Structure formats: C-alpha cells, structure tokens
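Text of my_file.txt (compact mmCIF, C-alpha atoms) as supplied:
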```txt
# COMPACT_ATOMS: atom_id res chain seq x y z
CA MET I 12 -50.48 -41.39 -76.87
CA THR I 13 -50.09 -38.20 -78.96
CA ALA I 14 -48.02 -37.68 -82.12
CA LEU I 15 -47.31 -33.97 -81.77
CA ARG I 16 -43.62 -34.59 -82.40
CA LEU I 17 -44.52 -35.77 -85.87
CA ALA I 18 -46.31 -32.50 -86.53
CA ALA I 19 -43.20 -30.62 -85.47
CA ALA I 20 -41.27 -32.65 -88.02
CA LEU I 21 -43.59 -31.70 -90.89
CA THR I 22 -40.70 -30.77 -93.18
CA LEU I 23 -39.23 -34.24 -92.77
CA HIS I 24 -42.33 -35.96 -94.13
CA THR I 25 -41.41 -38.01 -97.21
CA THR I 26 -43.73 -38.58 -100.17
CA LEU I 27 -43.37 -42.15 -101.41
CA ALA I 28 -42.71 -42.43 -105.15
CA PHE I 29 -44.32 -45.55 -106.64
CA THR I 30 -42.88 -46.92 -109.86
CA ALA I 31 -45.10 -48.19 -112.67
CA PRO I 32 -44.74 -51.92 -111.81
CA ARG I 33 -45.94 -51.22 -108.26
CA LEU I 34 -48.80 -48.92 -109.26
CA ALA I 35 -51.31 -51.63 -110.12
CA SER I 36 -50.80 -53.41 -106.80
CA THR I 37 -51.48 -50.20 -104.87
CA MET I 38 -54.58 -48.96 -106.71
CA GLY I 39 -56.93 -50.69 -104.28
CA ARG I 40 -55.20 -49.21 -101.29
CA SER I 41 -55.08 -45.81 -103.00
CA SER I 42 -58.82 -45.76 -103.59
CA THR I 43 -59.41 -46.78 -99.98
CA ALA I 44 -57.16 -43.98 -98.77
CA GLN I 45 -58.93 -41.48 -101.01
CA ALA I 46 -62.29 -42.56 -99.62
CA ALA I 47 -60.97 -42.13 -96.08
CA LEU I 48 -59.68 -38.65 -96.91
CA ALA I 49 -63.02 -37.72 -98.46
CA ALA I 50 -64.82 -38.85 -95.30
CA LEU I 51 -62.40 -36.86 -93.12
CA ASP I 52 -62.83 -33.77 -95.31
CA GLN I 53 -66.60 -34.00 -94.87
CA GLU I 54 -66.25 -34.31 -91.09
CA LEU I 55 -63.86 -31.35 -90.94
CA GLU I 56 -66.15 -29.16 -93.01
CA ALA I 57 -69.11 -29.99 -90.74
CA TRP I 58 -67.06 -29.39 -87.60
CA ALA I 59 -65.52 -26.14 -88.90
CA ALA I 60 -68.86 -24.61 -89.92
CA SER I 61 -68.99 -22.62 -86.69
CA TYR I 62 -65.57 -21.14 -87.63
CA GLY I 63 -66.61 -20.16 -91.16
CA GLY I 64 -65.42 -23.41 -92.74
CA VAL I 65 -62.02 -24.91 -93.57
CA ALA I 66 -59.52 -22.51 -95.10
CA LYS I 67 -56.68 -24.93 -95.69
CA SER I 68 -55.95 -28.60 -94.91
CA ILE I 69 -52.35 -29.80 -95.32
CA PRO I 70 -51.04 -33.39 -94.85
CA ALA I 71 -48.64 -33.54 -91.91
CA GLY I 72 -47.34 -37.09 -92.00
CA SER I 73 -48.58 -40.43 -90.74
CA SER I 74 -47.76 -43.40 -88.53
CA GLY I 75 -48.71 -47.04 -88.73
CA TRP I 76 -52.01 -46.30 -87.01
CA ALA I 77 -53.05 -42.73 -87.88
CA SER I 78 -52.70 -39.89 -90.37
CA PHE I 79 -52.08 -36.25 -89.49
CA ARG I 80 -53.13 -32.92 -90.96
CA LYS I 81 -52.65 -29.25 -90.17
CA VAL I 82 -55.93 -27.41 -90.63
CA THR I 83 -56.76 -23.70 -90.59
CA VAL I 84 -60.26 -22.20 -90.58
CA LYS I 85 -61.64 -18.97 -91.99
CA ASP I 86 -62.69 -17.47 -88.66
CA PRO I 87 -60.25 -19.03 -86.15
CA PRO I 88 -60.70 -18.98 -82.37
CA LYS I 89 -58.05 -17.37 -80.17
CA SER I 90 -55.64 -19.21 -77.90
CA ASP I 91 -55.15 -18.33 -74.24
CA ASP I 92 -52.42 -15.87 -75.27
CA GLY I 93 -54.66 -14.19 -77.87
CA LYS I 94 -53.19 -15.77 -81.02
CA GLU I 95 -55.22 -17.30 -83.82
CA VAL I 96 -55.47 -21.08 -83.46
CA ALA I 97 -54.55 -23.59 -86.16
CA PHE I 98 -55.47 -27.23 -85.64
CA PHE I 99 -53.64 -30.54 -85.59
CA VAL I 100 -55.93 -33.35 -86.76
CA LYS I 101 -55.32 -37.05 -86.27
CA SER I 102 -57.49 -39.58 -88.09
CA SER I 103 -57.78 -43.35 -88.11
CA SER I 104 -59.90 -46.12 -89.59
CA ARG I 105 -60.48 -47.40 -86.05
CA SER I 106 -63.08 -46.16 -83.57
CA ASN I 107 -62.69 -43.11 -81.38
CA GLU I 108 -63.00 -45.21 -78.22
CA GLU I 109 -60.17 -47.44 -79.40
CA MET I 110 -57.91 -44.71 -80.75
CA PHE I 111 -58.43 -41.20 -79.44
CA TYR I 112 -60.81 -41.02 -76.48
CA GLY I 113 -58.18 -41.75 -73.82
CA GLU I 114 -55.67 -39.46 -75.49
CA ALA I 115 -58.20 -36.63 -75.58
CA LEU I 116 -59.03 -37.07 -71.90
CA GLY I 117 -55.34 -37.09 -70.98
CA LEU I 118 -54.60 -33.93 -72.95
CA GLN I 119 -57.67 -32.19 -71.53
CA ALA I 120 -56.59 -33.05 -67.99
CA MET I 121 -53.04 -31.77 -68.57
CA TYR I 122 -54.42 -28.63 -70.18
CA GLU I 123 -56.73 -27.93 -67.23
CA CYS I 124 -53.95 -28.56 -64.71
CA SER I 125 -51.55 -26.27 -66.58
CA LYS I 126 -53.80 -23.28 -67.27
CA GLY I 127 -52.81 -19.78 -66.23
CA GLY I 128 -49.53 -18.20 -65.29
CA GLU I 129 -46.36 -17.54 -67.21
CA ASP I 130 -44.63 -20.52 -65.56
CA ALA I 131 -47.12 -23.17 -66.75
CA LEU I 132 -46.64 -25.95 -69.29
CA ARG I 133 -47.79 -25.32 -72.86
CA ILE I 134 -50.34 -28.07 -73.53
CA PRO I 135 -52.54 -28.16 -76.66
CA LYS I 136 -56.24 -27.60 -76.12
CA VAL I 137 -58.49 -30.40 -77.38
CA TYR I 138 -61.40 -29.22 -79.53
CA HIS I 139 -63.05 -32.46 -80.60
CA SER I 140 -62.75 -36.23 -80.76
CA GLY I 141 -65.32 -38.59 -82.23
CA ASP I 142 -66.30 -41.15 -84.81
CA TYR I 143 -67.12 -40.33 -88.42
CA SER I 144 -70.85 -39.74 -88.77
CA THR I 145 -70.91 -42.37 -91.53
CA GLY I 146 -68.81 -44.86 -89.53
CA GLY I 147 -65.53 -46.38 -90.63
CA GLY I 148 -63.15 -44.10 -88.77
CA SER I 149 -62.52 -41.43 -86.16
CA PHE I 150 -60.63 -38.19 -85.68
CA LEU I 151 -59.12 -35.97 -82.98
CA ILE I 152 -58.76 -32.19 -83.29
CA MET I 153 -56.38 -30.29 -81.05
CA GLU I 154 -54.55 -27.00 -81.06
CA TYR I 155 -51.53 -26.99 -83.36
CA LEU I 156 -48.28 -26.20 -81.54
CA ASN I 157 -45.05 -25.10 -83.20
CA LEU I 158 -42.84 -27.46 -81.24
CA ALA I 159 -39.15 -26.89 -80.70
CA GLY I 160 -36.47 -28.65 -78.68
CA ARG I 161 -36.09 -28.71 -74.93
CA SER I 162 -35.01 -25.33 -73.61
CA ASP I 163 -35.09 -23.88 -70.07
CA ASP I 164 -34.83 -26.75 -67.55
CA ARG I 165 -35.54 -24.53 -64.55
CA ALA I 166 -38.77 -23.38 -66.20
CA LEU I 167 -39.61 -27.01 -67.01
CA GLY I 168 -39.14 -28.05 -63.39
CA LYS I 169 -41.33 -25.26 -62.09
CA ALA I 170 -44.02 -25.94 -64.71
CA MET I 171 -44.08 -29.64 -63.81
CA ALA I 172 -44.52 -28.71 -60.15
CA ARG I 173 -47.43 -26.42 -61.08
CA MET I 174 -49.17 -29.32 -62.82
CA HIS I 175 -48.53 -31.70 -59.91
CA LEU I 176 -49.93 -29.16 -57.45
CA ALA I 177 -53.10 -28.55 -59.46
CA PRO I 178 -56.15 -29.73 -57.49
CA ALA I 179 -58.20 -32.71 -58.60
CA THR I 180 -61.43 -31.23 -59.98
CA ALA I 181 -64.36 -32.17 -62.18
CA GLU I 182 -62.93 -29.96 -64.95
CA ALA I 183 -59.70 -31.95 -64.80
CA GLY I 184 -61.63 -35.24 -64.83
CA ASN I 185 -61.21 -36.20 -61.16
CA PRO I 186 -64.16 -34.88 -59.12
CA ASP I 187 -63.75 -37.56 -56.42
CA LYS I 188 -60.08 -36.79 -55.74
CA ALA I 189 -59.01 -40.39 -56.32
CA PHE I 190 -56.04 -42.20 -57.85
CA GLY I 191 -56.49 -43.66 -61.34
CA PHE I 192 -58.03 -42.28 -64.53
CA PRO I 193 -61.39 -42.38 -66.33
CA VAL I 194 -60.07 -44.95 -68.83
CA ASP I 195 -57.27 -47.48 -69.07
CA ASN I 196 -54.49 -46.40 -71.40
CA THR I 197 -51.05 -47.56 -72.53
CA ILE I 198 -47.46 -46.81 -71.60
CA GLY I 199 -45.53 -47.42 -74.77
CA GLY I 200 -47.39 -50.42 -76.13
CA THR I 201 -48.12 -51.90 -72.70
CA PRO I 202 -51.68 -51.77 -71.34
CA GLN I 203 -51.87 -49.56 -68.23
CA PRO I 204 -54.91 -50.23 -65.99
CA ASN I 205 -56.30 -47.17 -64.18
CA PRO I 206 -59.24 -48.20 -61.96
CA TRP I 207 -60.36 -45.42 -59.62
CA THR I 208 -59.63 -45.76 -55.93
CA LYS I 209 -62.19 -44.56 -53.40
CA PRO I 210 -63.10 -40.84 -53.13
CA ASN I 211 -60.72 -38.57 -51.18
CA SER I 212 -57.94 -41.13 -51.41
CA GLY I 213 -54.69 -40.80 -49.51
CA THR I 214 -51.46 -42.64 -48.81
CA GLN I 215 -52.97 -46.08 -48.11
CA GLU I 216 -55.03 -46.05 -51.29
CA TRP I 217 -51.98 -45.02 -53.30
CA ILE I 218 -49.95 -47.90 -51.85
CA GLU I 219 -52.65 -50.37 -52.86
CA PHE I 220 -53.05 -48.83 -56.33
CA PHE I 221 -49.34 -48.92 -57.08
CA ARG I 222 -48.92 -52.40 -55.59
CA ASP I 223 -51.67 -53.98 -57.69
CA HIS I 224 -52.00 -51.89 -60.86
CA ARG I 225 -48.43 -50.82 -61.46
CA ILE I 226 -45.71 -53.20 -60.18
CA GLY I 227 -48.05 -56.18 -59.75
CA HIS I 228 -49.45 -55.69 -63.25
CA GLN I 229 -46.01 -55.43 -64.87
CA LEU I 230 -44.79 -58.52 -63.00
CA ASP I 231 -47.76 -60.50 -64.24
CA LEU I 232 -46.81 -59.54 -67.79
CA ALA I 233 -43.10 -60.25 -67.27
CA GLY I 234 -43.64 -63.76 -65.91
CA ASP I 235 -40.34 -63.79 -64.00
CA SER I 236 -40.71 -66.01 -60.93
CA TYR I 237 -37.74 -64.51 -59.06
CA CYS I 238 -39.06 -60.95 -59.24
CA SER I 239 -42.65 -62.03 -58.57
CA ASN I 240 -41.68 -64.00 -55.47
CA LEU I 241 -39.47 -61.18 -54.22
CA TRP I 242 -42.31 -58.70 -54.65
CA ASN I 243 -45.15 -60.85 -53.31
CA ASN I 244 -43.30 -62.33 -50.33
CA ASP I 245 -40.75 -59.74 -49.24
CA ILE I 246 -41.83 -56.30 -50.48
CA ALA I 247 -45.59 -55.94 -51.03
CA PRO I 248 -46.56 -57.00 -47.46
CA ARG I 249 -44.21 -54.35 -46.06
CA LEU I 250 -44.66 -51.66 -48.70
CA HIS I 251 -46.35 -49.34 -46.22
CA LEU I 252 -43.02 -48.93 -44.39
CA LEU I 253 -41.67 -46.87 -47.30
CA PHE I 254 -44.53 -44.39 -46.86
CA GLU I 255 -44.61 -44.03 -43.06
CA ASP I 256 -43.51 -40.39 -43.25
CA LEU I 257 -46.29 -39.50 -45.70
CA THR I 258 -49.24 -39.26 -43.37
CA GLY I 259 -51.09 -36.42 -41.67
CA GLU I 260 -50.07 -33.10 -43.20
CA LYS I 261 -47.85 -34.99 -45.66
CA GLU I 262 -50.61 -37.39 -46.76
CA ILE I 263 -50.26 -38.24 -50.46
CA LYS I 264 -52.87 -36.46 -52.56
CA PRO I 265 -53.61 -37.25 -56.22
CA SER I 266 -51.42 -35.34 -58.66
CA LEU I 267 -51.91 -35.42 -62.40
CA LEU I 268 -48.95 -37.26 -63.94
CA HIS I 269 -47.68 -37.27 -67.50
CA GLY I 270 -46.76 -40.89 -66.76
CA ASP I 271 -44.05 -41.48 -69.37
CA LEU I 272 -41.74 -38.52 -69.05
CA TRP I 273 -38.41 -39.08 -70.79
CA SER I 274 -36.29 -36.79 -72.95
CA GLY I 275 -38.11 -37.71 -76.18
CA ASN I 276 -41.39 -36.45 -74.72
CA ILE I 277 -40.09 -33.04 -73.65
CA GLY I 278 -39.86 -29.93 -75.81
CA SER I 279 -41.00 -26.33 -75.93
CA ALA I 280 -43.68 -24.30 -77.70
CA ASP I 281 -44.14 -20.54 -77.87
CA GLY I 282 -41.22 -20.10 -75.50
CA LYS I 283 -42.72 -22.35 -72.81
CA PRO I 284 -41.85 -25.92 -71.82
CA SER I 285 -44.14 -28.53 -73.33
CA ILE I 286 -44.61 -32.26 -72.75
CA PHE I 287 -46.36 -34.75 -75.00
CA ASP I 288 -47.01 -38.45 -75.74
CA PRO I 289 -48.34 -39.01 -72.20
CA ALA I 290 -49.63 -42.04 -70.31
CA VAL I 291 -51.75 -39.86 -68.01
CA TYR I 292 -53.17 -40.85 -64.63
CA TRP I 293 -53.61 -39.41 -61.15
CA GLY I 294 -50.93 -40.63 -58.74
CA HIS I 295 -48.16 -39.75 -56.29
CA HIS I 296 -46.11 -36.89 -57.73
CA GLU I 297 -42.87 -38.79 -57.00
CA ALA I 298 -43.92 -41.52 -59.44
CA GLU I 299 -43.35 -39.04 -62.29
CA TRP I 300 -39.60 -39.45 -61.91
CA GLY I 301 -39.35 -43.19 -62.54
CA MET I 302 -38.03 -42.47 -66.04
CA GLN I 303 -35.36 -39.97 -65.05
CA TRP I 304 -32.63 -42.42 -66.08
CA CYS I 305 -33.38 -41.36 -69.67
CA ALA I 306 -34.71 -37.84 -69.06
CA TYR I 307 -31.51 -36.14 -67.84
CA TYR I 308 -32.87 -33.82 -65.14
CA GLY I 309 -30.07 -31.59 -63.96
CA ARG I 310 -29.58 -29.15 -61.11
CA ASP I 311 -31.56 -26.37 -62.81
CA PHE I 312 -34.56 -28.64 -63.27
CA TRP I 313 -34.61 -29.77 -59.65
CA GLU I 314 -34.12 -26.23 -58.35
CA GLY I 315 -37.19 -25.18 -60.31
CA TYR I 316 -39.26 -28.15 -59.17
CA ARG I 317 -38.16 -28.10 -55.52
CA SER I 318 -38.87 -24.38 -55.26
CA LEU I 319 -42.55 -25.41 -55.18
CA ILE I 320 -42.48 -29.06 -54.05
CA PRO I 321 -39.76 -29.82 -51.48
CA GLN I 322 -38.28 -33.31 -51.33
CA ASP I 323 -39.99 -35.60 -48.81
CA GLU I 324 -38.21 -37.94 -46.41
CA GLY I 325 -37.62 -41.36 -47.97
CA PHE I 326 -37.67 -40.13 -51.57
CA GLU I 327 -34.43 -41.96 -52.46
CA THR I 328 -35.86 -45.35 -51.56
CA ARG I 329 -39.25 -44.76 -53.16
CA GLU I 330 -37.34 -43.62 -56.23
CA LEU I 331 -36.19 -47.25 -56.66
CA LEU I 332 -39.81 -48.36 -56.45
CA TYR I 333 -40.93 -46.02 -59.21
CA ASP I 334 -37.87 -46.85 -61.30
CA ALA I 335 -38.70 -50.56 -61.07
CA TYR I 336 -42.08 -49.95 -62.70
CA HIS I 337 -40.52 -48.44 -65.80
CA GLN I 338 -37.68 -50.97 -65.93
CA LEU I 339 -40.23 -53.79 -65.90
CA ASN I 340 -42.29 -52.03 -68.55
CA HIS I 341 -39.22 -51.68 -70.77
CA TYR I 342 -38.47 -55.36 -70.27
CA ASN I 343 -42.03 -56.20 -71.32
CA LEU I 344 -41.64 -53.99 -74.38
CA PHE I 345 -38.07 -54.74 -75.45
CA GLY I 346 -36.64 -57.60 -73.37
CA GLY I 347 -32.93 -57.52 -72.60
CA GLY I 348 -31.16 -56.14 -69.55
CA TYR I 349 -34.04 -54.11 -68.17
CA LEU I 350 -35.07 -57.12 -66.08
CA SER I 351 -31.68 -57.16 -64.35
CA THR I 352 -32.08 -53.50 -63.40
CA ALA I 353 -35.58 -54.19 -62.08
CA LYS I 354 -34.20 -57.09 -59.99
CA SER I 355 -31.52 -54.80 -58.60
CA ASP I 356 -34.14 -52.19 -57.67
CA LEU I 357 -36.33 -54.76 -55.93
CA ASN I 358 -33.40 -56.34 -54.07
CA ASN I 359 -32.30 -52.91 -52.82
CA ILE I 360 -35.86 -52.18 -51.66
CA LYS I 361 -35.96 -55.50 -49.79
CA TYR I 362 -32.62 -54.70 -48.15
CA THR I 363 -33.97 -51.31 -47.03
CA LEU I 364 -37.13 -52.88 -45.62
CA ASP I 365 -35.07 -55.49 -43.77
CA SER I 366 -32.94 -52.72 -42.26
CA MET I 367 -36.02 -50.72 -41.24
CA GLU I 368 -37.48 -53.73 -39.45
CA ARG I 369 -34.22 -54.48 -37.64
CA CYS I 370 -33.98 -50.89 -36.45
CA ALA I 371 -37.57 -51.01 -35.19
CA ARG I 372 -36.91 -54.01 -32.90
```

Write-out of the structure in structure tokens:
Amino acid sequence: MTALRLAAALTLHTTLAFTAPRLASTMGRSSTAQAALAALDQELEAWAASYGGVAKSIPAGSSGWASFRKVTVKDPPKSDDGKEVAFFVKSSSRSNEEMFYGEALGLQAMYECSKGGEDALRIPKVYHSGDYSTGGGSFLIMEYLNLAGRSDDRALGKAMARMHLAPATAEAGNPDKAFGFPVDNTIGGTPQPNPWTKPNSGTQEWIEFFRDHRIGHQLDLAGDSYCSNLWNNDIAPRLHLLFEDLTGEKEIKPSLLHGDLWSGNIGSADGKPSIFDPAVYWGHHEAEWGMQWCAYYGRDFWEGYRSLIPQDEGFETRELLYDAYHQLNHYNLFGGGYLSTAKSDLNNIKYTLDSMERCAR
C-alpha cells in the first residue's frame, strides 16, 4: 500500500522534541536511525549517479513501518508531460520483498494502464525498488506528485473507465490475460491472496476466483458460522446464476482494479484525478465499486464512467456481492456492525437466487 498522502501532507510533519531526561533512553535508537539514514543516502547516491547525483534530500514524514523523503537530482528525467521529475522515496528496515515489491508492481500496473490521453489517471511512475546492497533494509523510488484534494468527479469516472478498459499485457504484468496478480498483497491489514487463474480467463474463472479467494477467504478469517453456512450451502453453488448475462460478447475480461477505492484514496495531481494506496489485482470491473458506500460517487462520476462502460444487466445484485467482500474485510479489521451488513448482503443475494430459481421452473 502506498503512502503518497503522507507526502502531500509534508507541511504537517511534526518534529518530536525530546527533553533531557528522555535523551539518554533514545540515544541507542538515534544511532540506529542515523545508521539507517547513512545507508539510504549511500543507496540514493549510487542510484542517482546516472542523473548526475543527488541534489537535495528532504525528510517527508514517516509511519510505523517506513520513512519518506523527497529527493531531487542534478540532471532530472522528464515526466510524460515534459516536466522535471522529483522523487518520493520510501525506506524500511525490512526486505524489499516484504515491504515494497508488491506495491511497486501495483503502481507499475496502474501506470501502464493509465498512460496516454488527457482523460487518464495521474499515477506515479516507479523508478526503482530493491534491498540495500549492504543488507538491513530496502527502499522504493517513485515519481513525486503534488497531491491535492478530489476535484472533477466526471473526469475521475472517465479515467477509471480508461484504466478498466486497458488490455491485459506483459507490460502491465498480465501477459496471460488471467485474473489475479503476480504477488499476494493486503487490503488494509488483511492478507489478500491473488493466485493466477488459467490463461485467457473469462466469466467462469472469475466466479471461481471470487468465490474462493475473495468471499471464501474473508469468511474463513471471520469465523462466523451463520455467514459461512449461508455462503457455502445457499449461495456459492448457485453463484453462476448472477453472471448468466455475462457470456459471449459480454464475457468478463480481466480489468486492472485499484481494489480499495474509497474517498480517502482519491485525490488529484497536476489537474488530473489520481488514486493511491491500492490493493491491486486483475478482476471484474464491477468489483471496483464494492467500497462505494464510503466513496460517495455521484451522478457526475457515473456519467463519466458509463460514457465508456455501460451498466450490465444484473449489476444491482452483483453489487451486493462485491459489497459483502468489503464489509467482511472491515469486520475482520475492525469488528463491530460490519458483520451485520455482510449478513444482510448475503441474505438478499440468497433471496434473489431463490427467486431466479422459482422463475426458471
């Protein structure tokens, strides 16, 4: 998951003031932090050699798991719109595979699927991710974006449709046109498994993927017998009925999904809509809207999106299915009433399936 929002909030970063009684207890940690910064500085200088070296490196905040810097170089590359690029650097004491590899792949995929055109999303380009050459840490270098708040919803809707319509390619990390992703990732703090389906996957493969690795996975984590029994006995065996209209010319094809799109992950940069902190995978484009209960998509947004991707038959019922995934995930993260909402979604899906079977007799 990215921390670009923290970079946007650079001016809010607070420097902790340690009093004399606390100083002695923090000296060990301070020396460790200084050593980590020295190692990062060495890595940045080596990486930036092809750009004439580092011109400036400014702290840009931190989280519980990483530190952030804004870095400029002496001979900067140009962005797609011809501007000089500054860099946003994330560093950690943990390995690249553990911390940044999946994030880098997700950003690269979104960047590839959003390239070109004035109506595309503004996604930062990834320049590097890897471990320190001396061990003991890792870092991720991406394009620095001057993020601002959410702006034009119609433009956002159209840009999201452009990304969803982008073909699955080797450059975007999906040469086999399958559902899934090259690595497992997380949605919030919840593990999100992304095993690839078979090449040239369609509706049936999507049904199986979502059944097992989305709802089934979240139910295993939740441990609620009512929801699990409802899913396993009454919904999963009949799940294909919700997708009967999506065959032939309407066969589901893999779309690149942000995966965790709510209002806190939406902004703008350089006058274009931008999205960040993703849980990226290739899936059914409708699954993107499972978080719309806290994303506030209005008429302008849907007009922009539907101008390129019309609404398919049965969307309203499948919407409950995709909502249930995120409600269960929120229950697994936070507890509380999210489980009741998930139960309501699943009960309404069962009722719909019962009605479909009665009508078919």

If we count only C-alpha atoms and set the cut-off at 12 Å, which residues sit around Ala371 of chain I, ignoring sequence neighbours fewer than 6 positions away in its own chain? Please answer as a CSV table (one decimal) with C-alpha atoms, in the coordinates of the input.
```csv
chain,number,residue,atom,x,y,z
I,252,LEU,CA,-43.0,-48.9,-44.4
I,364,LEU,CA,-37.1,-52.9,-45.6
I,365,ASP,CA,-35.1,-55.5,-43.8
```

Looking at all atoms listed in the file, which of I:Gly148, I:Gly346, I:Gly282, I:Pro321 is the one that sits closest to Leu232 of chain I?
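Of all the options, I:Gly346 lies closest to Leu232 of chain I.
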
Against segment 130-144 of chain I, which residues of segment 230-290 of chain I fall within 9 Å? For each one I want the closest pair of atoms and the distance in Å (one decimal), counting all atoms listed in the file, rows by chain and increasing residue number, as a tab-separated table.
```
residue	atom	partner	partner_atom	distance
I:Ser279	CA	I:Arg133	CA	7.5
I:Ala280	CA	I:Arg133	CA	6.4
I:Asp281	CA	I:Arg133	CA	7.8
I:Gly282	CA	I:Arg133	CA	8.8
I:Lys283	CA	I:Arg133	CA	5.9
I:Pro284	CA	I:Leu132	CA	5.4
I:Ser285	CA	I:Arg133	CA	4.9
I:Ile286	CA	I:Ile134	CA	7.1
I:Phe287	CA	I:Ile134	CA	7.9
```

Could you write out as AutoDock Vina command-line options the box around segment 171-182 of chain I (axis-aligned, all atoms listed in the file, 6 Å on each side), with centre and edge lengths in Å to one decimal?
```
--center_x -54.2 --center_y -29.6 --center_z -61.2 --size_x 32.3 --size_y 18.3 --size_z 19.5
```

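Nearest-residue note for Asn359 of chain I: choosing from I:Ala179, I:Cys305, I:Val82, I:Leu331, the minimum distance belongs to I:Leu331, counting only C-alpha atoms.
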
Can you work out which one of I:Arg310, I:Lys188, I:His296, I:His251 has the shortest atom-to-atom distance to Gly213 of chain I, counting all atoms listed in the file?
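Checking each candidate against Gly213 of chain I, we get I:Lys188 as the closest.
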
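Of the residues listed (I:Gly348, I:Leu118, I:Gln322, I:Arg329), I:Arg329 shows the shortest atom-to-atom separation from Thr363 of chain I; distances use all atoms listed in the file.
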
Using all atoms listed in the file, which residues sit within 10 Å of Trp313 of chain I once same-chain residues fewer than 6 positions away are excluded, as a list of chain:residue names?
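The residues satisfying every condition are I:Asp164, I:Arg165, I:Leu167, I:Gly168, I:Lys169, I:Ala172, I:Ile320, I:Pro321, I:Gln322.
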